[in-house]
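As stored in entry.cif (mmCIF, C-alpha atoms):
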data_input
#
loop_
_atom_site.label_atom_id
_atom_site.label_comp_id
_atom_site.auth_asym_id
_atom_site.auth_seq_id
_atom_site.Cartn_x
_atom_site.Cartn_y
_atom_site.Cartn_z
CA MET A 22 96.22 183.12 -93.68
CA TRP A 23 93.41 185.55 -92.99
CA GLN A 24 91.60 186.73 -96.08
CA LEU A 25 91.97 190.51 -96.01
CA LYS A 26 90.38 191.47 -99.34
CA ASN A 27 87.43 193.85 -98.77
CA LYS A 28 87.65 193.34 -94.99
CA LYS A 29 87.01 196.44 -92.89
CA VAL A 30 90.24 196.63 -90.89
CA LEU A 31 90.81 199.15 -88.11
CA VAL A 32 94.42 199.99 -87.20
CA VAL A 33 94.60 201.35 -83.64
CA GLY A 34 97.82 203.27 -83.09
CA LEU A 35 99.73 204.50 -86.15
CA GLY A 36 102.87 205.20 -84.14
CA LEU A 37 106.07 207.04 -84.97
CA GLN A 38 108.67 204.31 -85.54
CA GLY A 39 107.44 202.79 -88.79
CA GLY A 40 105.67 199.66 -87.60
CA GLY A 41 102.17 201.02 -88.17
CA VAL A 42 103.15 202.32 -91.60
CA GLY A 43 104.38 198.88 -92.67
CA LEU A 44 101.21 197.22 -91.39
CA ILE A 45 98.98 199.65 -93.29
CA LYS A 46 100.92 199.20 -96.53
CA PHE A 47 100.59 195.42 -96.16
CA LEU A 48 96.84 195.67 -95.55
CA HIS A 49 96.46 197.98 -98.56
CA LYS A 50 98.42 195.58 -100.76
CA HIS A 51 95.99 192.84 -99.74
CA GLN A 52 93.01 195.07 -100.59
CA ALA A 53 91.62 195.65 -97.11
CA LYS A 54 89.40 198.66 -96.41
CA ILE A 55 91.46 200.52 -93.80
CA THR A 56 90.60 203.00 -91.07
CA VAL A 57 93.42 204.38 -88.93
CA THR A 58 92.75 205.76 -85.46
CA ASP A 59 95.26 207.30 -83.06
CA LYS A 60 94.93 209.63 -80.08
CA LYS A 61 97.95 211.57 -81.31
CA THR A 62 97.25 214.59 -83.49
CA PRO A 63 98.08 214.83 -87.22
CA ASP A 64 100.94 217.17 -86.34
CA GLN A 65 102.43 214.64 -83.92
CA LEU A 66 102.08 211.86 -86.50
CA LYS A 67 103.36 213.92 -89.42
CA SER A 68 106.41 211.74 -90.17
CA SER A 69 104.28 208.58 -90.41
CA LEU A 70 101.44 210.26 -92.32
CA ASN A 71 103.89 211.53 -94.94
CA ARG A 72 104.80 207.92 -95.72
CA LEU A 73 101.15 207.03 -96.36
CA LYS A 74 100.27 209.79 -98.82
CA ASN A 75 97.97 208.83 -101.69
CA LEU A 76 96.68 205.66 -99.97
CA PRO A 77 92.86 205.47 -99.74
CA LEU A 78 92.66 205.54 -95.94
CA ILE A 79 90.11 206.86 -93.48
CA TYR A 80 91.76 208.68 -90.57
CA ARG A 81 90.42 209.27 -87.07
CA LEU A 82 93.19 211.22 -85.31
CA GLY A 83 93.27 213.02 -81.99
CA SER A 84 90.62 210.72 -80.49
CA HIS A 85 88.84 207.38 -80.99
CA ASN A 86 85.27 206.79 -82.19
CA ILE A 87 83.55 203.70 -80.79
CA ASN A 88 81.69 203.14 -84.07
CA ASP A 89 84.99 202.52 -85.88
CA PHE A 90 85.67 199.67 -83.47
CA LEU A 91 82.21 198.12 -83.52
CA SER A 92 81.86 198.22 -87.31
CA ALA A 93 85.27 196.61 -88.05
CA ASP A 94 85.73 193.05 -89.31
CA LEU A 95 89.21 192.93 -87.83
CA ILE A 96 91.23 195.20 -85.52
CA PHE A 97 95.02 195.51 -85.33
CA LYS A 98 96.13 196.96 -82.00
CA GLY A 99 99.45 198.81 -81.73
CA PRO A 100 101.99 197.68 -79.09
CA SER A 101 101.49 200.64 -76.75
CA VAL A 102 97.69 200.58 -76.93
CA PRO A 103 96.37 198.89 -73.74
CA TRP A 104 94.14 195.84 -74.00
CA THR A 105 91.94 197.59 -71.42
CA LEU A 106 91.10 200.45 -73.81
CA PRO A 107 87.29 200.67 -73.50
CA GLU A 108 86.80 200.58 -77.27
CA ILE A 109 88.94 197.40 -77.52
CA LEU A 110 86.96 195.75 -74.73
CA ALA A 111 83.69 196.68 -76.46
CA ALA A 112 84.91 195.18 -79.75
CA GLU A 113 85.99 191.95 -78.04
CA GLN A 114 82.64 191.70 -76.32
CA LYS A 115 81.08 191.83 -79.78
CA LYS A 116 83.45 188.99 -80.86
CA ILE A 117 85.39 191.20 -83.28
CA PRO A 118 88.94 189.75 -83.57
CA VAL A 119 91.63 192.01 -82.09
CA MET A 120 95.12 191.15 -83.35
CA MET A 121 98.65 192.42 -82.98
CA GLU A 122 100.90 192.57 -86.02
CA THR A 123 103.74 190.38 -84.74
CA ALA A 124 101.45 187.69 -83.33
CA PHE A 125 99.50 187.63 -86.62
CA PHE A 126 102.81 187.22 -88.45
CA VAL A 127 104.02 184.34 -86.26
CA LYS A 128 100.65 182.57 -86.52
CA ASN A 129 100.80 182.66 -90.32
CA CYS A 130 104.54 182.50 -90.98
CA PRO A 131 105.87 179.36 -92.75
CA ALA A 132 109.52 180.10 -91.84
CA LYS A 133 111.58 178.93 -88.85
CA ILE A 134 111.32 181.53 -86.10
CA ILE A 135 113.74 182.53 -83.35
CA GLY A 136 112.08 184.79 -80.78
CA ILE A 137 114.24 186.86 -78.42
CA THR A 138 112.99 188.75 -75.39
CA GLY A 139 114.17 190.03 -72.01
CA THR A 140 114.16 193.28 -70.09
CA ARG A 141 117.72 194.09 -71.10
CA GLY A 142 119.99 192.78 -73.84
CA LYS A 143 117.35 191.66 -76.31
CA THR A 144 118.46 194.03 -79.07
CA THR A 145 122.16 193.21 -78.60
CA THR A 146 121.34 189.49 -78.56
CA THR A 147 119.09 189.85 -81.62
CA LEU A 148 121.68 191.73 -83.69
CA MET A 149 124.47 189.42 -82.54
CA THR A 150 122.32 186.50 -83.76
CA GLU A 151 121.75 188.33 -87.04
CA VAL A 152 125.52 188.69 -87.60
CA LEU A 153 125.99 185.00 -86.79
CA PHE A 154 123.42 183.97 -89.40
CA ARG A 155 124.92 186.32 -91.98
CA LYS A 156 128.44 185.01 -91.44
CA PHE A 157 127.20 181.42 -91.73
CA ASN A 158 125.37 182.27 -94.99
CA GLN A 159 121.94 181.37 -93.67
CA LYS A 160 118.91 182.87 -95.41
CA TYR A 161 117.21 184.96 -92.74
CA PHE A 162 115.04 188.00 -92.10
CA LEU A 163 115.30 190.38 -89.13
CA ALA A 164 112.15 191.92 -87.66
CA GLY A 165 110.09 192.50 -84.53
CA ASN A 166 110.70 195.26 -81.99
CA LEU A 167 113.15 197.22 -84.13
CA PRO A 168 112.62 200.78 -85.46
CA GLN A 169 111.51 201.10 -89.08
CA LYS A 170 111.04 197.33 -89.47
CA SER A 171 107.75 196.00 -90.82
CA THR A 172 107.29 192.45 -89.60
CA ILE A 173 104.01 191.61 -91.29
CA SER A 174 105.31 192.51 -94.76
CA LEU A 175 107.61 189.48 -94.57
CA LEU A 176 104.58 187.24 -95.10
CA ASP A 177 104.83 188.11 -98.79
CA LYS A 178 108.38 186.78 -99.12
CA VAL A 179 109.39 184.19 -96.50
CA THR A 180 109.37 180.43 -97.21
CA LYS A 181 109.59 177.35 -95.00
CA ASP A 182 113.35 177.19 -95.64
CA ASP A 183 114.01 180.68 -94.26
CA TRP A 184 114.80 181.86 -90.75
CA VAL A 185 113.17 184.86 -89.09
CA ILE A 186 114.95 186.47 -86.12
CA LEU A 187 112.41 188.38 -84.03
CA GLU A 188 113.12 190.77 -81.19
CA LEU A 189 109.99 190.70 -79.01
CA SER A 190 108.83 193.25 -76.44
CA SER A 191 106.43 192.42 -73.63
CA TRP A 192 103.73 194.39 -75.46
CA GLN A 193 104.16 192.35 -78.64
CA LEU A 194 104.16 189.12 -76.64
CA SER A 195 100.80 190.02 -75.10
CA GLY A 196 99.32 189.31 -78.53
CA PHE A 197 100.85 185.81 -78.46
CA HIS A 198 98.77 184.98 -75.38
CA ARG A 199 95.59 185.80 -77.30
CA LEU A 200 96.50 183.29 -80.03
CA LYS A 201 98.19 180.83 -77.63
CA ILE A 202 101.43 180.72 -79.64
CA SER A 203 105.13 180.89 -78.79
CA PRO A 204 108.17 180.89 -81.10
CA PRO A 205 109.49 177.32 -81.40
CA LEU A 206 113.02 178.53 -80.66
CA ALA A 207 113.23 181.21 -77.97
CA ILE A 208 115.85 183.17 -76.01
CA PHE A 209 114.94 184.83 -72.69
CA THR A 210 117.83 187.14 -71.73
CA ASN A 211 116.73 188.27 -68.23
CA LEU A 212 113.88 189.79 -66.24
CA TYR A 213 113.87 193.04 -64.25
CA PRO A 214 111.02 195.38 -63.29
CA ASP A 215 110.10 197.60 -66.25
CA HIS A 216 107.22 199.52 -67.84
CA LEU A 217 105.39 199.94 -64.55
CA ASN A 218 103.93 203.13 -66.00
CA TYR A 219 102.00 200.73 -68.29
CA TYR A 220 101.66 197.55 -66.20
CA SER A 221 99.98 197.48 -62.82
CA SER A 222 102.62 195.14 -61.36
CA VAL A 223 105.82 193.22 -62.12
CA GLU A 224 103.70 190.06 -62.21
CA GLU A 225 101.55 191.49 -65.01
CA TYR A 226 104.70 192.47 -66.93
CA TYR A 227 106.15 188.96 -66.46
CA HIS A 228 102.87 187.42 -67.62
CA ASP A 229 103.27 189.05 -71.02
CA LYS A 230 106.97 188.14 -71.18
CA LYS A 231 106.32 184.46 -70.52
CA ALA A 232 104.43 184.11 -73.80
CA ILE A 233 107.95 183.57 -75.20
CA PHE A 234 107.72 179.98 -73.83
CA ALA A 235 104.20 179.40 -72.46
CA TYR A 236 102.83 177.68 -75.58
CA GLN A 237 105.96 175.90 -76.76
CA LYS A 238 105.65 172.18 -77.50
CA SER A 239 107.92 169.34 -76.41
CA ALA A 240 110.01 169.57 -79.61
CA ASP A 241 110.66 173.31 -79.06
CA ARG A 242 113.65 174.87 -77.27
CA LEU A 243 114.07 177.68 -74.75
CA ILE A 244 117.47 179.25 -74.05
CA ALA A 245 117.20 181.14 -70.74
CA ASN A 246 119.42 183.08 -68.37
CA LEU A 247 120.37 180.99 -65.33
CA THR A 248 119.03 183.78 -63.11
CA LEU A 249 115.55 182.89 -64.41
CA LYS A 250 115.72 179.28 -63.24
CA PRO A 251 113.86 179.84 -59.91
CA ILE A 252 111.01 181.51 -61.82
CA LEU A 253 110.87 179.02 -64.70
CA GLN A 254 110.90 176.03 -62.35
CA ARG A 255 107.49 177.15 -61.12
CA GLU A 256 106.07 177.03 -64.66
CA LYS A 257 104.77 174.02 -66.57
CA ILE A 258 107.12 174.27 -69.55
CA LEU A 259 106.88 171.56 -72.19
CA SER A 260 109.94 172.57 -74.22
CA ARG A 261 113.52 171.66 -73.39
CA ILE A 262 115.39 174.41 -71.52
CA THR A 263 119.07 175.30 -71.92
CA TYR A 264 120.36 177.75 -69.30
CA PHE A 265 123.28 180.12 -69.84
CA SER A 266 125.44 182.43 -67.74
CA ALA A 267 128.25 184.84 -68.57
CA ALA A 268 130.81 182.10 -67.86
CA ASP A 269 129.46 180.02 -70.76
CA PHE A 270 131.06 182.22 -73.41
CA PRO A 271 134.63 180.88 -73.68
CA ASP A 272 136.33 183.89 -75.26
CA LYS A 273 136.84 187.62 -74.69
CA LEU A 274 134.71 190.37 -76.23
CA ASN A 275 136.86 192.77 -78.22
CA TYR A 276 134.40 195.68 -78.39
CA LEU A 277 131.74 195.14 -75.72
CA LYS A 278 132.23 195.71 -72.01
CA GLY A 279 130.37 194.42 -68.97
CA GLU A 280 129.08 191.18 -67.48
CA HIS A 281 125.68 191.70 -69.11
CA ASN A 282 127.26 191.62 -72.57
CA ARG A 283 129.04 188.37 -71.71
CA GLU A 284 125.58 187.00 -70.87
CA ASN A 285 124.27 188.14 -74.27
CA ALA A 286 127.26 186.47 -75.94
CA ALA A 287 126.66 183.28 -73.96
CA ALA A 288 123.02 183.16 -75.08
CA VAL A 289 124.01 183.39 -78.75
CA TYR A 290 126.79 180.85 -78.21
CA GLN A 291 124.24 178.38 -76.81
CA LEU A 292 122.03 179.04 -79.83
CA ALA A 293 124.95 178.26 -82.14
CA LYS A 294 125.55 175.00 -80.26
CA LEU A 295 121.91 174.04 -80.62
CA LEU A 296 121.98 174.79 -84.37
CA LYS A 297 125.28 172.87 -84.73
CA PHE A 298 127.20 175.85 -86.10
CA ASN A 299 131.00 175.61 -86.08
CA LEU A 300 131.91 176.81 -82.57
CA ASN A 301 135.39 178.11 -83.36
CA LYS A 302 133.95 180.36 -86.05
CA THR A 303 131.06 181.27 -83.72
CA GLN A 304 133.47 182.41 -81.01
CA GLN A 305 135.31 184.61 -83.47
CA ILE A 306 132.10 186.19 -84.78
CA ILE A 307 130.73 186.92 -81.32
CA SER A 308 134.06 188.21 -80.00
CA ASN A 309 134.24 190.77 -82.79
CA PHE A 310 130.63 191.95 -82.56
CA PRO A 311 130.93 195.77 -82.60
CA GLY A 312 127.93 196.57 -80.43
CA VAL A 313 124.58 198.30 -80.99
CA SER A 314 123.88 201.97 -81.58
CA TYR A 315 122.64 203.82 -78.49
CA ARG A 316 123.61 201.01 -76.09
CA GLN A 317 126.70 202.04 -74.14
CA GLN A 318 128.05 203.23 -77.49
CA ILE A 319 131.27 205.25 -77.50
CA ILE A 320 130.55 207.95 -80.09
CA ALA A 321 133.55 210.28 -79.67
CA LYS A 322 136.81 210.87 -77.81
CA LYS A 323 138.42 214.28 -77.46
CA ASP A 324 140.84 215.90 -75.01
CA GLY A 325 140.49 213.12 -72.46
CA ILE A 326 136.67 213.02 -72.62
CA ILE A 327 134.98 209.82 -73.82
CA PHE A 328 131.38 210.44 -74.96
CA ILE A 329 128.99 207.50 -74.46
CA ASN A 330 125.46 207.32 -75.84
CA ASP A 331 123.31 204.98 -73.74
CA THR A 332 119.94 206.56 -74.51
CA THR A 333 118.22 203.14 -74.50
CA ALA A 334 118.91 202.99 -70.75
CA THR A 335 115.27 203.81 -70.02
CA THR A 336 115.28 202.05 -66.63
CA PRO A 337 117.34 202.37 -63.44
CA THR A 338 118.62 198.81 -63.97
CA ALA A 339 120.07 199.73 -67.37
CA THR A 340 121.87 202.77 -65.97
CA ILE A 341 123.24 200.71 -63.09
CA GLN A 342 124.74 198.34 -65.69
CA ALA A 343 126.30 201.27 -67.52
CA LEU A 344 127.80 202.69 -64.32
CA LYS A 345 129.33 199.31 -63.55
CA THR A 346 130.61 198.90 -67.11
CA PHE A 347 132.42 202.25 -67.06
CA ALA A 348 133.56 202.18 -63.44
CA ASP A 349 137.26 202.36 -64.36
CA LYS A 350 137.26 206.17 -64.87
CA PRO A 351 135.44 209.21 -63.42
CA ILE A 352 131.89 209.63 -64.78
CA VAL A 353 129.84 212.73 -65.55
CA LEU A 354 126.30 211.37 -65.86
CA LEU A 355 123.39 212.90 -67.76
CA LEU A 356 120.35 211.61 -65.88
CA GLY A 357 116.57 211.94 -65.85
CA ASN A 358 113.43 212.35 -68.01
CA SER A 359 110.09 210.51 -67.77
CA ALA A 360 109.26 208.08 -64.95
CA LYS A 361 108.24 204.46 -65.51
CA ASN A 362 107.31 203.91 -61.84
CA LEU A 363 110.26 201.58 -61.24
CA PRO A 364 112.30 200.97 -58.06
CA THR A 365 115.11 203.51 -57.70
CA LYS A 366 116.93 202.56 -54.47
CA GLU A 367 119.68 200.52 -56.13
CA LEU A 368 120.34 203.26 -58.68
CA ILE A 369 120.50 205.90 -55.96
CA ASP A 370 123.03 203.78 -54.06
CA GLN A 371 125.09 203.30 -57.24
CA LEU A 372 125.23 207.05 -57.87
CA LYS A 373 127.84 207.34 -55.12
CA THR A 374 130.35 206.16 -57.76
CA VAL A 375 129.55 209.09 -60.08
CA GLU A 376 131.70 212.24 -60.09
CA LYS A 377 129.00 214.68 -61.26
CA ILE A 378 125.33 214.49 -62.29
CA VAL A 379 123.61 216.71 -64.88
CA TRP A 380 119.81 216.66 -64.87
CA LEU A 381 117.20 216.51 -67.64
CA LYS A 382 113.66 217.61 -66.84
CA GLY A 383 110.89 215.06 -66.23
CA ASP A 384 108.88 213.45 -63.46
CA PHE A 385 111.58 210.79 -62.90
CA THR A 386 113.98 213.65 -62.13
CA ASP A 387 111.42 215.22 -59.77
CA GLN A 388 110.99 211.84 -58.07
CA ILE A 389 114.63 211.15 -57.18
CA LEU A 390 116.17 214.63 -56.98
CA PRO A 391 115.33 215.32 -53.30
CA GLN A 392 117.01 212.06 -52.21
CA ILE A 393 120.11 212.70 -54.33
CA LYS A 394 120.38 216.27 -53.04
CA LYS A 395 120.33 214.97 -49.47
CA LEU A 396 122.72 212.04 -50.00
CA TYR A 397 125.20 213.55 -52.45
CA PRO A 398 125.11 217.37 -52.14
CA GLU A 399 128.49 217.73 -53.87
CA LYS A 400 127.54 215.91 -57.09
CA SER A 401 125.38 218.54 -58.79
CA ASN A 402 124.46 222.21 -58.99
CA TRP A 403 120.79 221.05 -59.13
CA VAL A 404 119.92 222.90 -62.34
CA ILE A 405 117.22 220.94 -64.25
CA HIS A 406 117.65 221.38 -67.99
CA PRO A 407 114.51 221.62 -70.15
CA CYS A 408 116.57 221.03 -73.29
CA LEU A 409 119.30 218.49 -74.03
CA GLN A 410 121.64 221.05 -75.59
CA GLU A 411 122.20 222.94 -72.33
CA ALA A 412 122.61 219.68 -70.41
CA VAL A 413 125.27 218.42 -72.81
CA LYS A 414 127.13 221.74 -72.65
CA GLN A 415 127.16 221.67 -68.84
CA ALA A 416 128.29 218.03 -68.78
CA TYR A 417 131.10 218.83 -71.22
CA ASN A 418 132.35 221.74 -69.11
CA LEU A 419 132.29 219.60 -65.96
CA ALA A 420 134.15 216.80 -67.74
CA LYS A 421 136.85 219.25 -68.91
CA GLU A 422 137.35 220.45 -65.33
CA ILE A 423 137.73 216.89 -64.05
CA VAL A 424 140.23 216.00 -66.79
CA GLN A 425 142.36 219.01 -65.82
CA LYS A 426 142.07 218.30 -62.10
CA LYS A 427 142.67 214.54 -62.14
CA LYS A 428 144.91 214.33 -65.20
CA ASP A 429 142.87 211.34 -66.30
CA GLU A 430 140.26 210.47 -68.89
CA VAL A 431 136.59 211.03 -68.04
CA TYR A 432 133.41 209.37 -69.29
CA LEU A 433 130.60 211.71 -70.30
CA LEU A 434 127.81 209.15 -69.98
CA PHE A 435 124.33 209.80 -71.36
CA SER A 436 122.38 207.08 -69.55
CA PRO A 437 119.08 208.67 -68.42
CA ALA A 438 117.52 205.72 -66.46
CA ALA A 439 114.17 207.03 -67.69
CA ALA A 440 111.85 207.15 -70.67
CA SER A 441 112.04 210.08 -73.06
CA PHE A 442 108.47 211.25 -73.52
CA SER A 443 108.65 214.52 -71.58
CA MET A 444 111.14 215.86 -74.16
CA PHE A 445 111.22 213.50 -77.17
CA ASN A 446 109.02 211.14 -79.18
CA ASN A 447 111.17 208.14 -78.20
CA GLU A 448 114.64 207.19 -76.95
CA PHE A 449 116.02 206.93 -80.50
CA GLU A 450 115.16 210.55 -81.28
CA ARG A 451 116.79 211.41 -77.95
CA GLY A 452 119.91 209.46 -78.92
CA ASN A 453 120.09 211.07 -82.37
CA GLN A 454 119.93 214.51 -80.81
CA PHE A 455 122.69 213.64 -78.33
CA ASN A 456 124.97 212.49 -81.16
CA TYR A 457 124.23 215.67 -83.13
CA LEU A 458 124.90 217.91 -80.13
CA VAL A 459 128.19 216.18 -79.29
CA LYS A 460 129.36 216.51 -82.90
CA LYS A 461 128.34 220.16 -82.99
CA LEU A 462 130.00 220.81 -79.63
CA LEU A 463 133.31 219.24 -80.63
CA ILE A 464 133.41 221.17 -83.94
CA HIS A 465 132.73 224.39 -82.02
CA TYR A 466 135.57 223.71 -79.58
CA ASP A 467 138.05 222.54 -82.25
#
What does this structure look like when you write it as structure tokens?
Amino acid sequence: MWQLKNKKVLVVGLGLQGGGVGLIKFLHKHQAKITVTDKKTPDQLKSSLNRLKNLPLIYRLGSHNINDFLSADLIFKGPSVPWTLPEILAAEQKKIPVMMETAFFVKNCPAKIIGITGTRGKTTTTLMTEVLFRKFNQKYFLAGNLPQKSTISLLDKVTKDDWVILELSSWQLSGFHRLKISPPLAIFTNLYPDHLNYYSSVEEYYHDKKAIFAYQKSADRLIANLTLKPILQREKILSRITYFSAADFPDKLNYLKGEHNRENAAAVYQLAKLLKFNLNKTQQIISNFPGVSYRQQIIAKKDGIIFINDTTATTPTATIQALKTFADKPIVLLLGNSAKNLPTKELIDQLKTVEKIVWLKGDFTDQILPQIKKLYPEKSNWVIHPCLQEAVKQAYNLAKEIVQKKKDEVYLLFSPAAASFSMFNNEFERGNQFNYLVKKLLIHYD
């Protein structure tokens, strides 16, 4: 492991979801001399800063100073900080090591690691795997791309007999390329265009994703969606590959809907096979998995209206999946927010199945609104809501009208197809506010 005592360590990107806080506390515990730099202001970072009170830290907030980078012994780069940041490039040119927390953890971790990635389904697959390990009484830790989880802090507690289940984003995996490492046991759920507000192309995005398998050895294993086979066949992969499809899960899902969730179940089922878990018990565990918060989650039912929180649908592909999942009843869709520069044609075509659309402000909304207005003039009153509260109220009133008219249940589906940054810090804050507003709304109308 790196010796951190008395090292001058620069943390670039404190962040809002707890990862940077956990990293800093770990570095402090190991007696590093820590400087924290973030382009966000102290007011924006208030929730994270409050958790670091009384630690002897140097802060550089609101902007970066090149001297902090060039005088560091070691730099930890946050997931959303680009590798092309001029200060990062200058530090690398000076041969100063630039690390990412999760890659550092995997490089130094003695435990057995399962890495899970994919454009969609990685959180569901990760948490389904976590339930499987818990029910089979395996000693495991859950970390990676999950809010309020500190991955690096596990280095102080894991042993070679433990398992670590890691959800991995493309940004985190970019750090694996730098160290030329991959998790020895990996699941790749699928690949769709995403984060093209960050990446210059789908190919660049895929390059980061493929760190999940690129450095695996012949004894390692990759469990991959069958749809990825044409892509993976072009790669020189040393590990053994097991493909899965939705048809590979031999049972029904009692709480999850949709073909994509059958794919997630099939991936975990293949993992259980590989680990020689009892398959009858595995089927039962997976079948009864209750689902993940904010992912096509039914949060309330009242007077024929079914409220669904799908705030983590930050891409058109994710919203298309939600529309297909809930196609059995009329849908009032809350749509829009911040663009990720992704293809929208398929989503626009799919919107013909929606009864009504309610709009949230953002450049994604500005991008697709003219086409929707032309194609589906009857689906909206074209008001763009600058706050979620008014959007939810309008959606609720529309849903009530449809229930009365059609004498049928209606889905009020919050599946924005866009990032949240024009109105919220992240999609989880957006989802929390939606839940709060629905609860408040239903109490008011009781």
Report the residues retrieved by the PyMOL selection byres ((chain A and resi 47) around 10) from the displayed file, expressed as an mmCIF file with C-alpha atoms, keeping the file's coordinate frame.
data_model
loop_
_atom_site.group_PDB
_atom_site.id
_atom_site.type_symbol
_atom_site.label_atom_id
_atom_site.label_comp_id
_atom_site.auth_asym_id
_atom_site.auth_seq_id
_atom_site.Cartn_x
_atom_site.Cartn_y
_atom_site.Cartn_z
ATOM 1 C CA LEU A 25 91.970 190.510 -96.010
ATOM 2 C CA GLY A 41 102.170 201.020 -88.170
ATOM 3 C CA VAL A 42 103.150 202.320 -91.600
ATOM 4 C CA GLY A 43 104.380 198.880 -92.670
ATOM 5 C CA LEU A 44 101.210 197.220 -91.390
ATOM 6 C CA ILE A 45 98.980 199.650 -93.290
ATOM 7 C CA LYS A 46 100.920 199.200 -96.530
ATOM 8 C CA LEU A 48 96.840 195.670 -95.550
ATOM 9 C CA HIS A 49 96.460 197.980 -98.560
ATOM 10 C CA LYS A 50 98.420 195.580 -100.760
ATOM 11 C CA HIS A 51 95.990 192.840 -99.740
ATOM 12 C CA GLN A 52 93.010 195.070 -100.590
ATOM 13 C CA ALA A 53 91.620 195.650 -97.110
ATOM 14 C CA SER A 171 107.750 196.000 -90.820
ATOM 15 C CA THR A 172 107.290 192.450 -89.600
ATOM 16 C CA ILE A 173 104.010 191.610 -91.290
ATOM 17 C CA SER A 174 105.310 192.510 -94.760
ATOM 18 C CA LEU A 175 107.610 189.480 -94.570
ATOM 19 C CA LEU A 176 104.580 187.240 -95.100
ATOM 20 C CA ASP A 177 104.830 188.110 -98.790
#
Counting only C-alpha atoms, which residues come within 12 Å of (107.7, 168.5, -75.6), with the point read in the file's coordinates, and could you list them as an NGL selection string? :A and (205 or 234-243 or 257-262)
Show me, as a PDB file with C-alpha atoms, in the frame of the given file, the residues that have an atom within 9 Å of segment 411-420 of chain A when counting all atoms listed in the file, minus same-chain residues fewer than 4 positions from it.
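Written out: result34.pdb:
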ATOM      1  CA  GLY A 325     140.490 213.120 -72.460  1.00  0.00           C
ATOM      2  CA  ILE A 326     136.670 213.020 -72.620  1.00  0.00           C
ATOM      3  CA  PRO A 351     135.440 209.210 -63.420  1.00  0.00           C
ATOM      4  CA  ILE A 352     131.890 209.630 -64.780  1.00  0.00           C
ATOM      5  CA  VAL A 353     129.840 212.730 -65.550  1.00  0.00           C
ATOM      6  CA  LEU A 354     126.300 211.370 -65.860  1.00  0.00           C
ATOM      7  CA  LEU A 355     123.390 212.900 -67.760  1.00  0.00           C
ATOM      8  CA  LYS A 377     129.000 214.680 -61.260  1.00  0.00           C
ATOM      9  CA  ILE A 378     125.330 214.490 -62.290  1.00  0.00           C
ATOM     10  CA  VAL A 379     123.610 216.710 -64.880  1.00  0.00           C
ATOM     11  CA  TRP A 380     119.810 216.660 -64.870  1.00  0.00           C
ATOM     12  CA  LEU A 381     117.200 216.510 -67.640  1.00  0.00           C
ATOM     13  CA  ILE A 405     117.220 220.940 -64.250  1.00  0.00           C
ATOM     14  CA  HIS A 406     117.650 221.380 -67.990  1.00  0.00           C
ATOM     15  CA  PRO A 407     114.510 221.620 -70.150  1.00  0.00           C
ATOM     16  CA  VAL A 424     140.230 216.000 -66.790  1.00  0.00           C
ATOM     17  CA  GLN A 425     142.360 219.010 -65.820  1.00  0.00           C
ATOM     18  CA  GLU A 430     140.260 210.470 -68.890  1.00  0.00           C
ATOM     19  CA  VAL A 431     136.590 211.030 -68.040  1.00  0.00           C
ATOM     20  CA  TYR A 432     133.410 209.370 -69.290  1.00  0.00           C
ATOM     21  CA  LEU A 433     130.600 211.710 -70.300  1.00  0.00           C
ATOM     22  CA  LEU A 434     127.810 209.150 -69.980  1.00  0.00           C
ATOM     23  CA  PHE A 435     124.330 209.800 -71.360  1.00  0.00           C
ATOM     24  CA  PHE A 455     122.690 213.640 -78.330  1.00  0.00           C
ATOM     25  CA  LEU A 458     124.900 217.910 -80.130  1.00  0.00           C
ATOM     26  CA  VAL A 459     128.190 216.180 -79.290  1.00  0.00           C
ATOM     27  CA  LEU A 462     130.000 220.810 -79.630  1.00  0.00           C
TER      28      LEU A 462
END
Counting all atoms listed in the file, I want the residues whose atoms come within 6 Å of (97.4, 200.9, -87.2) in the file frame, returned as a ChimeraX atom specification. /A:32-35,41,57
Expansion of the PyMOL selection byres ((chain A and resi 56) around 6) into residues, as a PDB file with C-alpha atoms, in the frame of the given file:
ATOM      1  CA  LEU A  31      90.810 199.150 -88.110  1.00  0.00           C
ATOM      2  CA  ILE A  55      91.460 200.520 -93.800  1.00  0.00           C
ATOM      3  CA  VAL A  57      93.420 204.380 -88.930  1.00  0.00           C
ATOM      4  CA  LEU A  78      92.660 205.540 -95.940  1.00  0.00           C
ATOM      5  CA  ILE A  79      90.110 206.860 -93.480  1.00  0.00           C
ATOM      6  CA  TYR A  80      91.760 208.680 -90.570  1.00  0.00           C
TER       7      TYR A  80
END
Residues near segment 274-282 of chain A, anyone? I mean within 6 Å using all atoms listed in the file, not counting same-chain ones fewer than 4 positions away, as a PyMOL selection string. chain A and resi 308-309+311+346
So that I have them on file, write out the residues from the current selection with C-alpha atoms, as a PDB file, keeping the file's coordinate frame.
ATOM      1  CA  SER A 308     134.060 188.210 -80.000  1.00  0.00           C
ATOM      2  CA  ASN A 309     134.240 190.770 -82.790  1.00  0.00           C
ATOM      3  CA  PRO A 311     130.930 195.770 -82.600  1.00  0.00           C
ATOM      4  CA  THR A 346     130.610 198.900 -67.110  1.00  0.00           C
TER       5      THR A 346
END
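Atom CA of Leu206 of chain A sits 29.7 Å away from atom CA of Leu37 of chain A.
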Do you have the atom CA of Cys408 of chain A-atom CA of Tyr457 of chain A distance handy? 13.6 Å
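Taking atom CA of Asn88 of chain A as the reference point, atom CA of Glu113 of chain A is found at 13.4 Å.
Checking A:Ile233, A:Met149, A:Trp403, A:Lys115 one by one against Leu390 of chain A, counting all atoms listed in the file, you find the shortest gap at A:Trp403.
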